[in-house]
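Beneath this line is the structure, given in structure tokens, with notes to follow.
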Amino acid sequence: MKPLAQASDGGHDSTPAGQSPVLFVHAGAELYGADRILLELAAGLKARGHALQVVLPGPGPLHAELAQVGVPTHRRNLGVLRRRYFTPLGLVNRLCRVLGATLFLRRRAVQMARAQGQGVAIVHSNTTAVLAGALAARLAGLPHVWHVHEITTRPRWFARLMATGVGLLTQRAVFVSAATRDHMCALSPRVRSKAVVIHNGIDPSRAQQGSRGALRGECGFDEQHVVVGMIGRINWWKGQGRLLDCAVALLPQHAQLRFLMVGGTFDGDNRARDELLQRIAESGLASQVVVQDFRADVGNVLADIDIFVLPSTEPDPFPTVVLEAMAAGKPVVAFRHGGVCEMVEDGVSGLLCEPVQAGGMADAIQRLAASPPLRQQMGEAGRQRLQQLFTQEAFIDQFAALYAELAVEHRAR
């Protein structure tokens, strides 16, 4: 299949000496957390002269975003592993798709290596939901990086299977947080020797370019309201239901509060959203708790949020939305599990609560809602922490060094 966006020479970019081209394989084409991180990484590497290509499983806005930074993309069914395929027929379907994708990716990686002139290309799988990248790299005899953005807990057999695959099929397993690394290494100790932690970093400008008031007007909120908000895909573990529990507990005594949830759903899977909207309607809080679909203008969303909440009921590996909230100077309330514990300094840039108790989270929200100075102080501390620890430049530096190290190892074999 022809790329959707080509470089000026048809996709065969010349790469400066010592910089191997990179073939990215990703599980979606939207603009949520892992999609955004891929875009940040590709843009940074492209600016440094790396030749890149990205293979995505279907249409979506990520294609256009990558094209804007000069990175060619391809569409190919990659046999992405989703929960809905965990049936005998579904697994057969995935096996067939994975085999076809493996052959496609092998050809693409070999072409990139030959075009580069030194016979080395890096295959970078940006999720454990895609197996074909690792298999293609193995068949082509090329280095592979598995970028692990997930903490998979259920079903247990699948989590163990993926950990075993990572342990067997990659040269480096890059984890977005120590929490993510430790979870997978507990499932498969073989992963430990290949594990590297590289915290995500972002360009903060996107999160800081919003205009306060626009979203409040859409939602019927005014400047006197304290808006408690979250951004995330609506599914079984992102915690929209827990945030609604907080709203139900707080709103009868705190009329100035308003709650905002922004996020879409997986295609064809609207059950969680429908159930959430039904609960809101039954609670009689429809004017005080607003649910909006996915929005690309995260700056406008964050500009109108006073307290950012991450209510994930499962450990969230390293949520990009928290980095964006920190960039926008918002205090963060979250459950004390997953990668957020490495992002938020409890009591300094936010408040971490006992998982997954809505009562403790409601208390933390109430504490911040009652004190504008505390919100400002914690928000500024979060902004400074982002600038110190989670910059795009440091993120790109670490990946560029990792690719160079793998290329040297490959040539020495």
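By convention here, the chains of the structure tokens are called A, B, ... in the order presented, each chain's residues are numbered starting at 1, and ligands are numbered starting at 1 in the order presented.
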Identify, on the basis of only C-alpha atoms, every residue whose closest approach to Val298 (chain A) does not exceed 8 Å; exclude the query and any residue fewer than 2 positions from it along the same chain; express the result as a PDB file with C-alpha atoms, in the first residue's frame.
ATOM      1  CA  ARG A 206      -0.074  22.773  23.151  1.00  0.00           C
ATOM      2  CA  ALA A 207      -1.396  22.533  26.703  1.00  0.00           C
ATOM      3  CA  GLY A 210      -6.002  27.646  25.602  1.00  0.00           C
ATOM      4  CA  ARG A 295     -11.513  17.248  21.714  1.00  0.00           C
ATOM      5  CA  ALA A 296      -8.208  18.084  20.044  1.00  0.00           C
ATOM      6  CA  ASN A 300      -8.970  25.136  25.903  1.00  0.00           C
ATOM      7  CA  VAL A 301     -10.106  22.221  28.054  1.00  0.00           C
ATOM      8  CA  LEU A 302      -7.299  22.703  30.565  1.00  0.00           C
TER       9      LEU A 302
END
**Study point:** Every residue of region 91-333 of chain A that DSSP places in strand (DSSP E), as a PyMOL selection string
**Key:** chain A and resi 122-125+144-148+172-175+195-197+226-231+257-262+289-292+307-310+332-333
Can I get the selected residues back with N, CA and C atoms, as a compact mmCIF listing (two decimals), in the first residue's frame?
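So result.txt came out as:
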# COMPACT_ATOMS: atom_id res chain seq x y z
N ILE A 122 15.86 0.37 12.57
CA ILE A 122 15.28 0.00 13.86
C ILE A 122 13.77 -0.14 13.68
N VAL A 123 13.20 -1.24 14.15
CA VAL A 123 11.75 -1.40 14.20
C VAL A 123 11.30 -1.09 15.62
N HIS A 124 10.40 -0.12 15.73
CA HIS A 124 9.96 0.38 17.04
C HIS A 124 8.46 0.11 17.16
N SER A 125 8.07 -0.86 17.99
CA SER A 125 6.66 -1.15 18.25
C SER A 125 6.20 -0.29 19.41
N HIS A 144 15.04 -4.48 17.31
CA HIS A 144 13.66 -4.14 17.65
C HIS A 144 13.59 -3.51 19.03
N VAL A 145 12.75 -2.46 19.13
CA VAL A 145 12.46 -1.80 20.41
C VAL A 145 10.97 -2.00 20.69
N TRP A 146 10.65 -2.48 21.88
CA TRP A 146 9.25 -2.60 22.27
C TRP A 146 8.96 -1.52 23.31
N HIS A 147 8.17 -0.55 22.92
CA HIS A 147 7.84 0.60 23.78
C HIS A 147 6.56 0.26 24.54
N VAL A 148 6.68 -0.01 25.82
CA VAL A 148 5.57 -0.54 26.61
C VAL A 148 4.85 0.61 27.31
N ARG A 172 15.37 -4.43 23.17
CA ARG A 172 15.17 -3.50 24.28
C ARG A 172 13.67 -3.35 24.54
N ALA A 173 13.31 -3.40 25.80
CA ALA A 173 11.94 -3.10 26.22
C ALA A 173 11.98 -1.76 26.94
N VAL A 174 11.42 -0.74 26.32
CA VAL A 174 11.41 0.60 26.89
C VAL A 174 10.09 0.79 27.62
N PHE A 175 10.17 1.11 28.90
CA PHE A 175 8.97 1.29 29.72
C PHE A 175 8.79 2.77 30.04
N ALA A 195 15.21 -4.29 30.00
CA ALA A 195 14.34 -3.18 30.39
C ALA A 195 15.09 -1.86 30.52
N VAL A 196 14.49 -0.81 29.97
CA VAL A 196 14.96 0.56 30.10
C VAL A 196 13.75 1.42 30.41
N VAL A 197 13.87 2.33 31.36
CA VAL A 197 12.79 3.27 31.66
C VAL A 197 13.11 4.61 31.01
N VAL A 226 -15.99 26.30 40.37
CA VAL A 226 -14.72 25.58 40.44
C VAL A 226 -14.92 24.30 39.63
N VAL A 227 -14.22 24.20 38.51
CA VAL A 227 -14.42 23.08 37.58
C VAL A 227 -13.41 21.99 37.87
N VAL A 228 -13.93 20.81 38.15
CA VAL A 228 -13.13 19.60 38.38
C VAL A 228 -13.23 18.76 37.12
N GLY A 229 -12.09 18.48 36.49
CA GLY A 229 -12.17 17.83 35.19
C GLY A 229 -11.19 16.70 34.98
N MET A 230 -11.54 15.82 34.05
CA MET A 230 -10.65 14.76 33.60
C MET A 230 -10.73 14.65 32.08
N ILE A 231 -9.66 14.13 31.49
CA ILE A 231 -9.59 13.88 30.05
C ILE A 231 -9.15 12.43 29.88
N LEU A 257 -19.24 23.83 42.80
CA LEU A 257 -18.48 22.85 42.03
C LEU A 257 -19.19 22.47 40.73
N ARG A 258 -18.40 22.20 39.70
CA ARG A 258 -18.88 21.62 38.47
C ARG A 258 -17.89 20.54 38.02
N PHE A 259 -18.39 19.52 37.34
CA PHE A 259 -17.56 18.39 36.92
C PHE A 259 -17.62 18.23 35.40
N LEU A 260 -16.44 17.99 34.80
CA LEU A 260 -16.32 17.88 33.35
C LEU A 260 -15.50 16.63 33.00
N MET A 261 -16.05 15.81 32.11
CA MET A 261 -15.35 14.62 31.63
C MET A 261 -15.26 14.72 30.11
N VAL A 262 -14.05 14.68 29.58
CA VAL A 262 -13.83 14.81 28.13
C VAL A 262 -13.16 13.55 27.63
N VAL A 289 -22.75 18.03 35.91
CA VAL A 289 -21.75 17.06 35.46
C VAL A 289 -21.91 16.91 33.95
N VAL A 290 -20.92 17.37 33.19
CA VAL A 290 -21.01 17.40 31.73
C VAL A 290 -20.00 16.42 31.14
N VAL A 291 -20.46 15.64 30.16
CA VAL A 291 -19.59 14.72 29.42
C VAL A 291 -19.48 15.22 27.99
N GLN A 292 -18.26 15.43 27.54
CA GLN A 292 -18.02 15.83 26.15
C GLN A 292 -17.20 14.78 25.43
N ILE A 307 -9.19 22.01 38.77
CA ILE A 307 -8.59 20.86 39.45
C ILE A 307 -8.62 19.70 38.47
N PHE A 308 -7.46 19.14 38.14
CA PHE A 308 -7.41 18.02 37.22
C PHE A 308 -7.40 16.71 38.00
N VAL A 309 -8.24 15.76 37.57
CA VAL A 309 -8.37 14.50 38.29
C VAL A 309 -8.05 13.33 37.36
N LEU A 310 -7.27 12.39 37.88
CA LEU A 310 -7.00 11.13 37.20
C LEU A 310 -7.58 10.01 38.07
N VAL A 332 -3.10 18.32 40.50
CA VAL A 332 -3.57 17.00 40.08
C VAL A 332 -4.02 16.20 41.30
N VAL A 333 -5.18 15.58 41.19
CA VAL A 333 -5.66 14.62 42.18
C VAL A 333 -5.72 13.26 41.50
Residues of region 92-118 of chain A that have any atom at most 12 Å from an atom of region 35-51 of chain A: could you tabulate them with the shortest-distance atom pair and the distance in Å to one decimal, using only C-alpha atoms, ordered by chain and increasing number, as CSV?
residue,atom,partner,partner_atom,distance
A:Ala109,CA,A:Ala51,CA,11.9
A:Met112,CA,A:Ala51,CA,8.6
A:Ala113,CA,A:Ala51,CA,10.4
A:Ala115,CA,A:Ala51,CA,10.1
A:Gln116,CA,A:Ala51,CA,8.6
Practice item. Please report, as number ranges by chain, each residue of region 127-297 of chain A to which DSSP assigns alpha helix (DSSP H) when run on this structure's backbone. Key: A: 132-140, 156-169, 178-187, 205-208, 214-219, 240-250, 271-283
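All residues of protein, DNA or RNA that reach within 12 Å of Phe158 (chain A), judged by only C-alpha atoms and not counting those fewer than 3 positions away in the chain, are Leu81, Arg82, Arg83, Tyr85, Phe86, Leu91, Thr128, Ala129, Ile151, Thr152, Thr153, Arg154, Pro155, Leu161, Met162, Ala163, Thr164, Gly165, Met184 and Leu187 of chain A.
For the pair CA of Arg216 (chain A) and CA of Asn270 (chain A), the interatomic distance is 25.2 Å.
Minimum atom-to-atom distances from A:Gln377, A:Asp363, A:Phe221, A:Ala400 to Val22 (chain A) were compared using only C-alpha atoms, and the lowest value belongs to A:Ala400.
Between CA of Thr313 (chain A) and CA of Ala358 (chain A) there is a distance of 10.1 Å.
In this comparison, which uses only C-alpha atoms, the residue of A:Leu277, A:Ile305, A:Ala137, A:Met326 approaching Cys219 (chain A) most closely is A:Ile305.
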Near Ile202 (chain A), within 9 Å and counting only C-alpha atoms, which residues show up once chain neighbours fewer than 2 positions away are dropped, as a compact mmCIF listing (two decimals) with N, CA and C atoms, in the first residue's frame?
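Resulting contents of out.txt:
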# COMPACT_ATOMS: atom_id res chain seq x y z
N ARG A 36 -0.15 10.64 20.99
CA ARG A 36 0.54 11.92 21.15
C ARG A 36 2.03 11.73 21.41
N ILE A 37 2.36 10.72 22.21
CA ILE A 37 3.76 10.47 22.51
C ILE A 37 4.50 10.02 21.25
N GLU A 40 5.14 13.18 19.33
CA GLU A 40 6.24 13.94 19.94
C GLU A 40 7.59 13.34 19.55
N LEU A 41 7.70 12.01 19.65
CA LEU A 41 8.96 11.33 19.35
C LEU A 41 9.31 11.46 17.88
N ASN A 200 8.09 9.65 29.43
CA ASN A 200 7.61 10.49 28.34
C ASN A 200 7.91 11.96 28.62
N PRO A 204 5.30 21.58 25.96
CA PRO A 204 4.19 22.08 26.77
C PRO A 204 3.29 23.08 26.06
N SER A 205 3.70 23.60 24.90
CA SER A 205 2.99 24.72 24.30
C SER A 205 1.54 24.38 23.98
N THR A 320 -0.25 10.78 29.68
CA THR A 320 0.16 12.03 29.05
C THR A 320 -0.70 13.19 29.50
N LEU A 323 0.83 15.04 32.31
CA LEU A 323 1.89 15.95 31.88
C LEU A 323 1.30 17.24 31.33
N GLU A 324 0.23 17.11 30.55
CA GLU A 324 -0.41 18.30 29.98
C GLU A 324 -1.04 19.16 31.06
N ALA A 327 1.74 21.01 32.66
CA ALA A 327 2.18 22.09 31.79
C ALA A 327 1.26 23.29 31.89
N LEU A 386 7.56 19.53 35.64
CA LEU A 386 7.56 19.13 34.23
C LEU A 386 8.80 19.66 33.53
N PHE A 390 10.47 16.22 32.63
CA PHE A 390 9.70 15.58 31.57
C PHE A 390 9.64 16.44 30.31
N THR A 391 10.82 16.89 29.86
CA THR A 391 10.87 17.71 28.65
C THR A 391 10.94 16.84 27.40
N GLN A 392 10.48 17.40 26.30
CA GLN A 392 10.58 16.69 25.03
C GLN A 392 12.03 16.46 24.65
N GLU A 393 12.89 17.44 24.92
CA GLU A 393 14.30 17.33 24.53
C GLU A 393 14.98 16.14 25.20
N PHE A 395 13.53 13.49 26.42
CA PHE A 395 12.86 12.31 25.89
C PHE A 395 13.48 11.90 24.55
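Compared by their closest atoms to Val408 (chain A), and using only C-alpha atoms, the residues A:Ala362, A:Val120, A:Leu276, A:Glu314 rank with A:Val120 nearest.
For the residues A:Gly133, A:Ala334, A:Pro317, A:Arg271, ranking by smallest atom-to-atom distance to Leu23 (chain A) using only C-alpha atoms places A:Gly133 first.
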Shell around Ser312 (chain A) at 7 Å using only C-alpha atoms, local window under 4 positions removed, as a PDB file with N, CA and C atoms, in the first residue's frame:
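Listing of selection-v8.pdb after writing:
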ATOM      1  N   TRP A 237     -11.883   1.159  32.865  1.00  0.00           N
ATOM      2  CA  TRP A 237     -10.910   1.397  33.920  1.00  0.00           C
ATOM      3  C   TRP A 237     -10.423   2.838  34.041  1.00  0.00           C
ATOM      4  N   LYS A 238     -10.843   3.714  33.178  1.00  0.00           N
ATOM      5  CA  LYS A 238     -10.370   5.100  33.254  1.00  0.00           C
ATOM      6  C   LYS A 238     -10.991   5.884  34.412  1.00  0.00           C
ATOM      7  N   GLY A 239     -12.069   5.375  34.989  1.00  0.00           N
ATOM      8  CA  GLY A 239     -12.532   5.925  36.251  1.00  0.00           C
ATOM      9  C   GLY A 239     -13.583   7.004  36.184  1.00  0.00           C
ATOM     10  N   ASP A 316      -2.466   3.431  35.900  1.00  0.00           N
ATOM     11  CA  ASP A 316      -2.235   4.080  34.610  1.00  0.00           C
ATOM     12  C   ASP A 316      -0.725   4.176  34.411  1.00  0.00           C
TER      13      ASP A 316
END
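Taking CA of Val55 (chain A) and CA of Arg75 (chain A) as endpoints, the distance between them is 5.9 Å.
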**Study point:** Residue contacts of Val54 (chain A) (8 Å, only C-alpha atoms) excluding same-chain residues fewer than 4 positions away, as a ChimeraX atom specification
**Key:** /A:23-26,71-74
Exercise for review: Would you kindly return, as a list in words, each protein, DNA or RNA residue with an atom no farther than 10 Å from any atom of His254 (chain A), considering only C-alpha atoms and excluding same-chain residues fewer than 5 positions away?
Suggested key: Val226, Ala247, Ala249, Gln366, Ala369 and Ala370 of chain A
Per residue of region 144-252 of chain A within 8 Å of region 336-356 of chain A, what are the shortest atom pair and its distance in Å to one decimal, counting only C-alpha atoms, with rows by chain and residue number, as a Markdown table?
| residue | atom | partner | partner_atom | distance |
| --- | --- | --- | --- | --- |
| A:Val176 | CA | A:Gly339 | CA | 7.9 |
| A:Ser177 | CA | A:Gly339 | CA | 5.5 |
| A:Ala178 | CA | A:Gly339 | CA | 7.2 |
| A:Ala179 | CA | A:Gly338 | CA | 5.5 |
| A:Thr180 | CA | A:Gly339 | CA | 7.1 |
